[in-house]
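Undergrad: Pasting a structure here, questions to come.
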Number of protein chains: 2
Amino acid sequence: MTRLRFEVLARDDRTAARRGRVTLPRGTVDTPAFMPVGTAGSVKAMTPEELAGMNTQILLANTYHLYLRPGHELIGRLGGLNRFMHWDGPILTDSGGFQAFSLGDLSDVTDAGVVFKSHLDGTKHTFTPEKVVEIQVALGSDIAMVLDDCVSYPADEQRVVESVRRTTAWAARCLKARGERRIALFAIAQGGTLARLRLESAATLTGLPFDGFAIGGLSVGEPKPEMWAMTEVTVPLLPEEKPRYLMGVGTPVDLLEGIERGIDMFDCVLPSRTARNGLLFTSRGKLVIKHARYQRDDRPLDESCSCYTCRNYSRAYLRHLYQAREILASRLNTWHNLHFYQHLMARARQAIVFGRFVEFKRDFCETFHAGLQ
Amino acid sequence: MTRLRFEVLARDDRTAARRGRVTLPRGTVDTPAFMPVGTAGSVKAMTPEELAGMNTQILLANTYHLYLRPGHELIGRLGGLNRFMHWDGPILTDSGGFQAFSLGDLSDVTDAGVVFKSHLDGTKHTFTPEKVVEIQVALGSDIAMVLDDCVSYPADEQRVVESVRRTTAWAARCLKARGERRIALFAIAQGGTLARLRLESAATLTGLPFDGFAIGGLSVGEPKPEMWAMTEVTVPLLPEEKPRYLMGVGTPVDLLEGIERGIDMFDCVLPSRTARNGLLFTSRGKLVIKHARYQRDDRPLDESCSCYTCRNYSRAYLRHLYQAREILASRLNTWHNLHFYQHLMARARQAIVFGRFVEFKRDFCETFHAGLQ
């Protein structure tokens, strides 16, 4: 029974970057891949066809949100999340742990699991390793994530030690709970910003037969150099033949930094959330659409972009929509930002294949930091 | 110079219904036609391609809103409203009068024009007949509407007499201001709910060479029988060879009632506004998507509907999106309601051609009032 197959198709000579392909029951995913976030069973403002049209191959959905509303049992009864949200491709679900920690009113974390209160109605719920696997199975994910014990930044060593120990124990319980079912399961390496504990977490988890490995607990407020240092500490311990996923990252430049360090998968709400707030990514950096300078600007957001928004609408119109709080503003802005991300990933994959990833990254960053004209 | 050509292609034997075609600089419009409302240069939540895909042939845009934000001069400088909002087809703009009366803080209405304060920032503005023509010319509309003196319901006779007199005078001034420019101009018949004044308004206005005639001042709170009585009084006075437009109407059944009385064009925010509020129109009447009965309902909104929403999403998913306040809820709901309206109009046109409009209307209303299963 194949849950997940991973092939490395090309490696960069000068960095740890690699171009690969993940094969899952519902389709293949070219890596390095960016996964748009469909929090509550919808990538906000977008249809699945629009996402597929910009070469999105896998979506991330949040177990915490779907568990609370409309409920994993309901989704399961209706044929699973794919059918529910009309998305044919692979879906990765997180374990819900991170949101239980960050959104839920946390009342108790013990070796048994996480007790939290819903941010929606204050009701009390428990996530155990077994429970989050059950939820993700009901949702019908292609890739499930283990429940992990997240620590905030900064955290004292004692707490990080506990997090690493507990995360390993929970990961093993998730693996057992998954059993023979045809759903890939990724472990999540923790360890805060302590190299010793990062090494310990990765070393222990990779001793278990997971289908892939994620680096968690980063992008939670620590300085960027610490984030990359922890990534660099962890990646060499992760098996070559399995996909590596850096959770919750990041900006366009972060994606290239991660790829350079051997990361295969990313997810982040950044491009979609900032789009709704009027912050657009362009090849020449960030553009804040509400600025008066765009009032009469007849140019597209990014003259080198071929997305639906850039092909058909001016900055002046997009500014107007944003100022008038039109729903179409969220749509067109999200469309552009997600397209920008997917196009960036496609170019990165191509650059790796052609042995010029270093040059591609350098050129991209140079133009990106040059700023808008 | 042809601004507008109107042909009657078929007439119903038993009612005043007619199937026609309006030819405008930017395209043709099959009538009876429903015009979705793109208040601020966007039919809320929809792209122009989506509207065209459901056979929308003409949009209505609000002069009042566009004049205040982003400004007609800006839109004119950027090549007109069509280019600004990426809509290739015909556009009808209202005169702004109705919104100035209903949204603006009205400070003065004299024979000179309307003085009002912006609902956005309280600034003082004046709409004169000449000004609203100038604005609509700058927007680049295919069909402009005259400034009319709207009365609220109920209104005393004295006020209605004044409104009719002023509306005629303003209409003549609009015609003069339009001059030789290639933009069709429709007059608006007023008269409140007084048959004598409705007759007077229609008789006077039709003496002037307008390209079409609208019935205004209805659907403002008066009982439905009064609305239809006023329509029946007015229509016979309007020229056979020009399009007739009933402003701000209405429900699906209202459209058929209007068509039966010889109306060719309609506009209304109802299908799009109610969609955003979770009220959907189906062949079996209204459906309130938030109701708990739809929580596990795997059926489409309307099993006889072929819109994008009904082809791909269940009531259960649409309920979830609505409860979670997802932007996609507004999109999918609006898509369905507007498609429902356009499909209704297409069927009505066909029924007229095949001489069975009466049966079509009877069957539609019977099913519509039967309610949901």
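By convention in this document, the chains of the structure tokens carry letters A, B, ... by their order, each chain's residues are numbered from 1, and ligands are numbered from 1 in the order they are shown.
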Can you tell me, as a short mmCIF file (atom, residue, chain, number, x, y, z; two decimals) with N, CA and C atoms, in the first residue's frame, what residues are no more than 10 Å from Arg273 of chain B when counting only C-alpha atoms, ignoring any on the same chain fewer than 4 positions away?
TA:
```cif
data_model
loop_
_atom_site.label_atom_id
_atom_site.label_comp_id
_atom_site.auth_asym_id
_atom_site.auth_seq_id
_atom_site.Cartn_x
_atom_site.Cartn_y
_atom_site.Cartn_z
N VAL B 37 -26.58 45.05 -11.01
CA VAL B 37 -26.15 46.37 -10.56
C VAL B 37 -24.69 46.34 -10.10
N LYS B 44 -20.92 43.31 -7.07
CA LYS B 44 -20.25 42.81 -5.88
C LYS B 44 -19.96 41.31 -5.92
N CYS B 268 -32.10 45.61 -10.57
CA CYS B 268 -32.41 45.51 -9.15
C CYS B 268 -31.20 44.96 -8.39
N VAL B 269 -30.96 45.48 -7.19
CA VAL B 269 -29.89 44.93 -6.36
C VAL B 269 -30.36 43.68 -5.63
N ASN B 277 -26.64 38.10 1.82
CA ASN B 277 -27.28 37.86 3.12
C ASN B 277 -27.80 36.43 3.26
N GLY B 278 -27.41 35.56 2.32
CA GLY B 278 -27.76 34.15 2.48
C GLY B 278 -29.15 33.78 2.03
N LEU B 279 -29.82 34.66 1.28
CA LEU B 279 -31.15 34.32 0.77
C LEU B 279 -31.02 33.98 -0.71
N SER B 330 -20.27 34.68 -0.34
CA SER B 330 -20.83 35.78 -1.14
C SER B 330 -20.70 35.50 -2.63
N ASN B 333 -23.07 32.44 -3.67
CA ASN B 333 -24.48 32.81 -3.55
C ASN B 333 -24.88 33.83 -4.61
N THR B 334 -24.02 34.82 -4.82
CA THR B 334 -24.32 35.83 -5.84
C THR B 334 -24.36 35.19 -7.22
N ASN B 337 -27.74 33.40 -7.59
CA ASN B 337 -28.91 34.26 -7.73
C ASN B 337 -28.92 35.01 -9.06
#
```
Undergrad: List every residue of segment 70-110 of chain B that DSSP, applied to the backbone of this structure, assigns to alpha helix (DSSP H), and report them as a list in words.
TA: His72, Glu73, Leu74, Ile75, Gly76, Arg77, Leu81, Asn82, Arg83, Phe84, Met85, Gly97, Phe98, Gln99, Ala100, Phe101 and Ser102 of chain B
Undergrad: Choose the residue, out of A:Phe127, A:Phe186, A:Trp170, A:Tyr294, that has the smallest atom-to-atom separation from chain B; count only C-alpha atoms.
TA: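 Ranked by minimum distance to chain B, first place goes to A:Tyr294.
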Undergrad: Please give chain B as a short mmCIF file (atom, residue, chain, number, x, y, z; two decimals) with C-alpha atoms, in the first residue's frame, after it has been superposed on chain A by least squares over all Cα atoms paired in order.
TA:
```cif
data_model
loop_
_atom_site.label_atom_id
_atom_site.label_comp_id
_atom_site.auth_asym_id
_atom_site.auth_seq_id
_atom_site.Cartn_x
_atom_site.Cartn_y
_atom_site.Cartn_z
CA MET B 1 -0.02 -0.02 0.00
CA THR B 2 1.55 3.23 -1.14
CA ARG B 3 0.53 6.27 0.81
CA LEU B 4 3.17 8.58 -0.56
CA ARG B 5 6.01 8.24 -3.01
CA PHE B 6 8.77 10.81 -3.18
CA GLU B 7 11.33 11.10 -5.95
CA VAL B 8 14.18 13.57 -6.15
CA LEU B 9 14.38 14.55 -9.82
CA ALA B 10 17.28 17.00 -9.63
CA ARG B 11 19.73 18.37 -7.08
CA ASP B 12 21.47 21.70 -7.00
CA ASP B 13 25.27 21.31 -6.98
CA ARG B 14 25.97 24.32 -4.84
CA THR B 15 23.15 24.28 -2.27
CA ALA B 16 20.88 21.74 -0.58
CA ALA B 17 18.06 22.71 -2.98
CA ARG B 18 16.32 19.84 -4.72
CA ARG B 19 13.52 19.47 -7.19
CA GLY B 20 11.26 16.51 -6.53
CA ARG B 21 7.84 15.02 -6.91
CA VAL B 22 5.44 13.72 -4.27
CA THR B 23 2.88 11.21 -5.49
CA LEU B 24 -0.27 10.90 -3.40
CA PRO B 25 -3.58 9.09 -3.86
CA ARG B 26 -5.18 12.24 -5.29
CA GLY B 27 -2.35 13.49 -7.48
CA THR B 28 1.24 14.54 -7.75
CA VAL B 29 2.92 17.55 -6.23
CA ASP B 30 6.00 19.09 -7.80
CA THR B 31 8.44 20.22 -5.14
CA PRO B 32 9.55 22.61 -3.84
CA ALA B 33 5.83 23.29 -3.39
CA PHE B 34 3.84 26.06 -1.78
CA MET B 35 0.51 25.06 -0.22
CA PRO B 36 -2.15 27.78 -0.02
CA VAL B 37 -4.07 27.67 3.24
CA GLY B 38 -7.76 26.81 3.13
CA THR B 39 -8.41 27.32 6.81
CA ALA B 40 -12.09 26.46 7.05
CA GLY B 41 -12.46 24.45 3.85
CA SER B 42 -11.98 27.46 1.56
CA VAL B 43 -8.88 29.33 0.44
CA LYS B 44 -10.42 32.67 1.24
CA ALA B 45 -12.01 34.39 -1.77
CA MET B 46 -10.87 31.73 -4.28
CA THR B 47 -12.50 28.86 -6.12
CA PRO B 48 -10.68 25.53 -6.53
CA GLU B 49 -10.60 26.07 -10.31
CA GLU B 50 -8.81 29.38 -9.86
CA LEU B 51 -6.25 27.74 -7.57
CA ALA B 52 -5.70 24.89 -10.02
CA GLY B 53 -5.38 27.43 -12.83
CA MET B 54 -2.32 28.94 -11.17
CA ASN B 55 -0.80 25.48 -10.84
CA THR B 56 -1.69 24.83 -7.20
CA GLN B 57 -1.28 21.11 -6.65
CA ILE B 58 -1.97 20.73 -2.94
CA LEU B 59 -3.95 22.66 -0.33
CA LEU B 60 -3.56 22.86 3.42
CA ALA B 61 -6.64 22.78 5.61
CA ASN B 62 -6.82 23.42 9.34
CA THR B 63 -8.03 20.54 11.45
CA TYR B 64 -8.79 22.78 14.44
CA HIS B 65 -11.18 24.97 12.44
CA LEU B 66 -12.92 22.14 10.58
CA TYR B 67 -13.24 20.07 13.76
CA LEU B 68 -15.05 22.94 15.49
CA ARG B 69 -17.10 24.00 12.45
CA PRO B 70 -18.75 22.26 10.64
CA GLY B 71 -17.26 19.20 12.37
CA HIS B 72 -15.14 16.39 10.95
CA GLU B 73 -17.94 13.84 11.32
CA LEU B 74 -20.25 15.93 9.15
CA ILE B 75 -17.55 16.34 6.50
CA GLY B 76 -16.80 12.62 6.67
CA ARG B 77 -20.45 11.73 6.24
CA LEU B 78 -20.65 14.01 3.19
CA GLY B 79 -17.79 12.16 1.51
CA GLY B 80 -14.72 13.95 2.88
CA LEU B 81 -13.19 17.36 2.58
CA ASN B 82 -12.32 17.06 -1.12
CA ARG B 83 -15.91 16.47 -2.10
CA PHE B 84 -17.21 18.99 0.45
CA MET B 85 -15.09 21.85 -0.87
CA HIS B 86 -14.94 20.71 -4.52
CA TRP B 87 -11.16 20.28 -4.65
CA ASP B 88 -9.94 17.18 -6.50
CA GLY B 89 -6.24 17.38 -5.62
CA PRO B 90 -4.23 16.38 -2.58
CA ILE B 91 -4.94 17.95 0.81
CA LEU B 92 -2.59 18.18 3.77
CA THR B 93 -4.21 18.82 7.13
CA ASP B 94 -2.34 20.11 10.12
CA SER B 95 -2.99 18.40 13.44
CA GLY B 96 -4.91 21.24 15.01
CA GLY B 97 -2.34 21.47 17.76
CA PHE B 98 -0.90 24.80 16.71
CA GLN B 99 -4.33 26.48 16.55
CA ALA B 100 -5.41 24.90 19.83
CA PHE B 101 -2.32 26.53 21.35
CA SER B 102 -2.64 29.86 19.55
CA LEU B 103 -6.41 30.40 19.20
CA GLY B 104 -8.04 28.17 21.78
CA ASP B 105 -8.13 29.23 25.40
CA LEU B 106 -5.69 26.59 26.59
CA SER B 107 -6.65 25.04 29.86
CA ASP B 108 -4.37 22.02 30.10
CA VAL B 109 -1.49 20.33 28.28
CA THR B 110 -0.45 16.97 29.70
CA ASP B 111 1.05 13.83 28.28
CA ALA B 112 -2.52 12.73 27.59
CA GLY B 113 -3.22 15.60 25.20
CA VAL B 114 -4.39 19.20 24.91
CA VAL B 115 -7.52 20.52 26.58
CA PHE B 116 -8.72 23.82 25.13
CA LYS B 117 -11.76 26.02 24.82
CA SER B 118 -13.15 26.82 21.39
CA HIS B 119 -12.51 30.37 20.22
CA LEU B 120 -15.99 30.27 18.67
CA ASP B 121 -18.20 29.43 21.64
CA GLY B 122 -16.00 28.62 24.63
CA THR B 123 -16.89 24.91 24.65
CA LYS B 124 -14.23 22.56 26.05
CA HIS B 125 -12.47 20.07 23.78
CA THR B 126 -9.60 17.62 23.97
CA PHE B 127 -7.07 16.83 21.27
CA THR B 128 -5.14 13.63 21.85
CA PRO B 129 -2.72 12.12 19.33
CA GLU B 130 -5.33 9.44 18.56
CA LYS B 131 -8.12 12.00 18.24
CA VAL B 132 -6.32 14.23 15.72
CA VAL B 133 -5.54 11.19 13.56
CA GLU B 134 -9.20 10.17 13.72
CA ILE B 135 -10.25 13.69 12.68
CA GLN B 136 -7.82 13.82 9.78
CA VAL B 137 -8.92 10.36 8.62
CA ALA B 138 -12.55 11.52 8.68
CA LEU B 139 -11.60 14.61 6.65
CA GLY B 140 -9.97 12.29 4.13
CA SER B 141 -6.61 14.08 3.96
CA ASP B 142 -3.81 12.79 1.79
CA ILE B 143 -1.24 13.89 4.36
CA ALA B 144 -1.95 14.08 8.08
CA MET B 145 0.30 15.79 10.61
CA VAL B 146 1.06 14.45 14.08
CA LEU B 147 -0.07 16.30 17.19
CA ASP B 148 2.93 18.19 18.51
CA ASP B 149 3.57 20.11 21.69
CA CYS B 150 4.23 23.65 20.49
CA VAL B 151 6.28 26.09 22.54
CA SER B 152 6.06 29.82 22.17
CA TYR B 153 9.05 32.06 21.65
CA PRO B 154 10.94 32.68 23.81
CA ALA B 155 10.65 29.53 25.97
CA ASP B 156 12.86 28.36 28.80
CA GLU B 157 14.94 25.24 28.25
CA GLN B 158 12.91 23.13 30.65
CA ARG B 159 9.75 23.76 28.65
CA VAL B 160 11.51 22.94 25.36
CA VAL B 161 12.88 19.69 26.78
CA GLU B 162 9.36 18.72 27.79
CA SER B 163 8.01 19.71 24.37
CA VAL B 164 10.55 17.54 22.55
CA ARG B 165 9.91 14.54 24.77
CA ARG B 166 6.13 14.90 24.51
CA THR B 167 6.19 15.56 20.77
CA THR B 168 8.11 12.31 20.21
CA ALA B 169 5.74 10.32 22.41
CA TRP B 170 2.70 11.82 20.69
CA ALA B 171 4.21 11.19 17.25
CA ALA B 172 4.63 7.50 18.08
CA ARG B 173 1.02 7.34 19.29
CA CYS B 174 -0.18 9.03 16.07
CA LEU B 175 1.72 6.47 14.02
CA LYS B 176 0.09 3.66 15.93
CA ALA B 177 -3.37 5.28 15.60
CA ARG B 178 -2.90 5.70 11.86
CA GLY B 179 -2.14 1.97 11.58
CA GLU B 180 -2.59 0.53 8.14
CA ARG B 181 -4.86 3.26 6.82
CA ARG B 182 -3.97 4.85 3.52
CA ILE B 183 -3.13 8.31 4.78
CA ALA B 184 0.42 9.62 4.84
CA LEU B 185 1.65 10.86 8.21
CA PHE B 186 4.35 13.47 8.78
CA ALA B 187 6.20 13.93 12.06
CA ILE B 188 7.04 17.43 13.31
CA ALA B 189 10.46 18.16 14.71
CA GLN B 190 10.47 20.65 17.59
CA GLY B 191 13.25 22.02 19.78
CA GLY B 192 12.61 25.74 20.05
CA THR B 193 15.73 27.72 19.25
CA LEU B 194 18.07 25.31 21.00
CA ALA B 195 20.26 23.44 18.52
CA ARG B 196 20.87 20.53 20.91
CA LEU B 197 17.15 19.92 21.32
CA ARG B 198 16.45 20.40 17.60
CA LEU B 199 19.02 17.67 16.90
CA GLU B 200 17.54 15.39 19.52
CA SER B 201 13.99 15.87 18.23
CA ALA B 202 14.93 15.22 14.60
CA ALA B 203 17.13 12.23 15.46
CA THR B 204 14.46 10.53 17.53
CA LEU B 205 11.57 11.15 15.13
CA THR B 206 13.47 9.98 12.06
CA GLY B 207 13.87 6.62 13.77
CA LEU B 208 10.16 6.09 13.21
CA PRO B 209 8.63 5.19 9.81
CA PHE B 210 6.93 8.48 8.95
CA ASP B 211 6.16 9.38 5.33
CA GLY B 212 7.72 12.81 5.67
CA PHE B 213 9.14 15.23 8.22
CA ALA B 214 8.18 18.75 9.12
CA ILE B 215 10.10 21.39 11.00
CA GLY B 216 7.69 23.00 13.43
CA GLY B 217 7.85 25.68 16.07
CA LEU B 218 9.57 28.18 13.81
CA SER B 219 8.19 31.39 12.32
CA VAL B 220 6.61 32.07 15.72
CA GLY B 221 8.37 35.34 16.49
CA GLU B 222 12.03 34.34 16.67
CA PRO B 223 14.55 36.41 14.67
CA LYS B 224 15.07 35.19 11.10
CA PRO B 225 18.73 34.18 11.67
CA GLU B 226 17.59 31.87 14.47
CA MET B 227 14.91 30.38 12.23
CA TRP B 228 17.43 29.59 9.51
CA ALA B 229 20.01 28.34 12.02
CA MET B 230 17.46 25.86 13.39
CA THR B 231 16.51 24.80 9.86
CA GLU B 232 20.17 24.22 9.02
CA VAL B 233 20.63 22.16 12.18
CA THR B 234 17.60 20.00 11.46
CA VAL B 235 17.66 19.33 7.72
CA PRO B 236 20.85 17.21 7.62
CA LEU B 237 19.24 14.77 10.05
CA LEU B 238 16.13 14.32 7.91
CA PRO B 239 16.20 11.40 5.45
CA GLU B 240 17.13 12.28 1.87
CA GLU B 241 14.37 10.10 0.47
CA LYS B 242 11.47 11.75 2.25
CA PRO B 243 9.84 15.17 1.82
CA ARG B 244 10.76 17.97 4.21
CA TYR B 245 8.20 20.56 5.17
CA LEU B 246 8.92 23.88 6.85
CA MET B 247 5.66 24.85 8.54
CA GLY B 248 4.17 28.36 8.39
CA VAL B 249 6.86 29.91 6.18
CA GLY B 250 6.89 32.54 4.73
CA THR B 251 7.71 35.59 2.60
CA PRO B 252 8.78 35.15 -1.03
CA VAL B 253 12.44 35.50 0.00
CA ASP B 254 11.88 33.04 2.87
CA LEU B 255 10.70 30.43 0.38
CA LEU B 256 13.94 30.73 -1.57
CA GLU B 257 15.97 30.66 1.66
CA GLY B 258 14.17 27.48 2.67
CA ILE B 259 14.59 25.85 -0.73
CA GLU B 260 18.30 26.62 -0.60
CA ARG B 261 18.45 24.73 2.70
CA GLY B 262 16.74 21.64 1.30
CA ILE B 263 13.08 22.26 2.11
CA ASP B 264 10.47 20.69 -0.20
CA MET B 265 7.16 22.00 1.12
CA PHE B 266 5.87 25.27 2.57
CA ASP B 267 2.56 26.70 3.71
CA CYS B 268 1.68 30.16 4.86
CA VAL B 269 -1.36 32.42 5.18
CA LEU B 270 0.85 35.40 4.37
CA PRO B 271 0.09 35.83 0.63
CA SER B 272 -3.66 35.45 1.06
CA ARG B 273 -4.03 37.37 4.32
CA THR B 274 -1.89 40.31 3.22
CA ALA B 275 -3.75 40.37 -0.10
CA ARG B 276 -7.02 40.96 1.72
CA ASN B 277 -5.31 43.76 3.61
CA GLY B 278 -4.18 45.37 0.37
CA LEU B 279 -0.53 44.35 0.49
CA LEU B 280 0.60 42.89 -2.82
CA PHE B 281 3.82 41.13 -3.74
CA THR B 282 5.47 42.12 -6.98
CA SER B 283 8.76 41.28 -8.63
CA ARG B 284 9.93 44.65 -7.36
CA GLY B 285 8.83 44.19 -3.77
CA LYS B 286 5.71 45.04 -1.78
CA LEU B 287 2.98 47.33 -3.03
CA VAL B 288 0.45 48.88 -0.63
CA ILE B 289 -2.54 49.42 -2.89
CA LYS B 290 -4.31 52.04 -0.79
CA HIS B 291 -1.53 54.59 -1.28
CA ALA B 292 -2.60 57.76 -3.05
CA ARG B 293 0.23 57.34 -5.57
CA TYR B 294 -1.78 54.58 -7.25
CA GLN B 295 -4.95 56.65 -7.63
CA ARG B 296 -4.37 57.37 -11.32
CA ASP B 297 -1.89 54.58 -12.02
CA ASP B 298 -3.06 52.77 -15.14
CA ARG B 299 -0.38 50.05 -14.93
CA PRO B 300 -0.94 46.51 -13.66
CA LEU B 301 0.30 45.59 -10.20
CA ASP B 302 3.34 43.92 -11.72
CA GLU B 303 4.24 44.38 -15.35
CA SER B 304 6.06 41.05 -15.39
CA CYS B 305 3.09 39.10 -13.97
CA SER B 306 0.67 37.13 -16.13
CA CYS B 307 -2.05 36.51 -13.53
CA TYR B 308 -5.71 37.26 -14.19
CA THR B 309 -5.53 40.44 -12.11
CA CYS B 310 -2.47 41.84 -13.85
CA ARG B 311 -3.79 40.96 -17.30
CA ASN B 312 -7.05 42.84 -16.81
CA TYR B 313 -6.97 45.48 -14.09
CA SER B 314 -5.04 48.64 -13.28
CA ARG B 315 -3.61 49.70 -9.96
CA ALA B 316 -6.08 52.60 -10.07
CA TYR B 317 -9.03 50.19 -10.27
CA LEU B 318 -7.60 47.90 -7.57
CA ARG B 319 -7.06 50.91 -5.31
CA HIS B 320 -10.64 52.01 -5.92
CA LEU B 321 -12.00 48.54 -5.12
CA TYR B 322 -9.94 48.42 -1.93
CA GLN B 323 -11.06 51.89 -0.81
CA ALA B 324 -14.68 51.01 -1.58
CA ARG B 325 -14.29 47.73 0.36
CA GLU B 326 -15.52 45.75 -2.60
CA ILE B 327 -15.41 41.96 -2.30
CA LEU B 328 -13.73 41.88 -5.70
CA ALA B 329 -10.72 43.60 -4.11
CA SER B 330 -10.11 40.55 -1.92
CA ARG B 331 -10.55 38.27 -4.91
CA LEU B 332 -8.24 40.07 -7.31
CA ASN B 333 -5.60 40.74 -4.67
CA THR B 334 -5.58 37.15 -3.42
CA TRP B 335 -5.48 35.88 -6.99
CA HIS B 336 -2.40 37.96 -7.68
CA ASN B 337 -0.49 37.12 -4.51
CA LEU B 338 -1.11 33.38 -4.74
CA HIS B 339 -0.20 33.40 -8.42
CA PHE B 340 2.97 35.28 -7.54
CA TYR B 341 3.88 32.58 -5.01
CA GLN B 342 3.10 29.68 -7.34
CA HIS B 343 4.98 31.27 -10.19
CA LEU B 344 7.96 31.85 -7.89
CA MET B 345 7.96 28.17 -6.96
CA ALA B 346 7.72 27.10 -10.61
CA ARG B 347 10.69 29.28 -11.47
CA ALA B 348 12.66 27.95 -8.51
CA ARG B 349 11.99 24.35 -9.59
CA GLN B 350 13.11 25.14 -13.09
CA ALA B 351 16.23 26.93 -11.86
CA ILE B 352 17.22 23.86 -9.83
CA VAL B 353 16.80 21.60 -12.86
CA PHE B 354 18.94 23.92 -14.98
CA GLY B 355 21.64 24.25 -12.32
CA ARG B 356 21.21 27.95 -11.79
CA PHE B 357 19.27 28.18 -8.54
CA VAL B 358 21.93 30.37 -6.91
CA GLU B 359 21.74 32.90 -9.75
CA PHE B 360 17.96 32.79 -9.80
CA LYS B 361 17.74 33.47 -6.08
CA ARG B 362 20.32 36.26 -6.27
CA ASP B 363 18.53 37.96 -9.19
CA PHE B 364 15.10 37.58 -7.64
CA CYS B 365 16.19 39.06 -4.32
CA GLU B 366 18.04 41.90 -6.00
CA THR B 367 15.00 42.95 -8.02
CA PHE B 368 12.64 42.32 -5.11
CA HIS B 369 14.64 44.59 -2.85
CA ALA B 370 15.14 47.25 -5.52
CA GLY B 371 11.63 48.47 -4.86
CA LEU B 372 8.85 49.77 -7.05
CA GLN B 373 9.28 52.39 -9.72
#
```
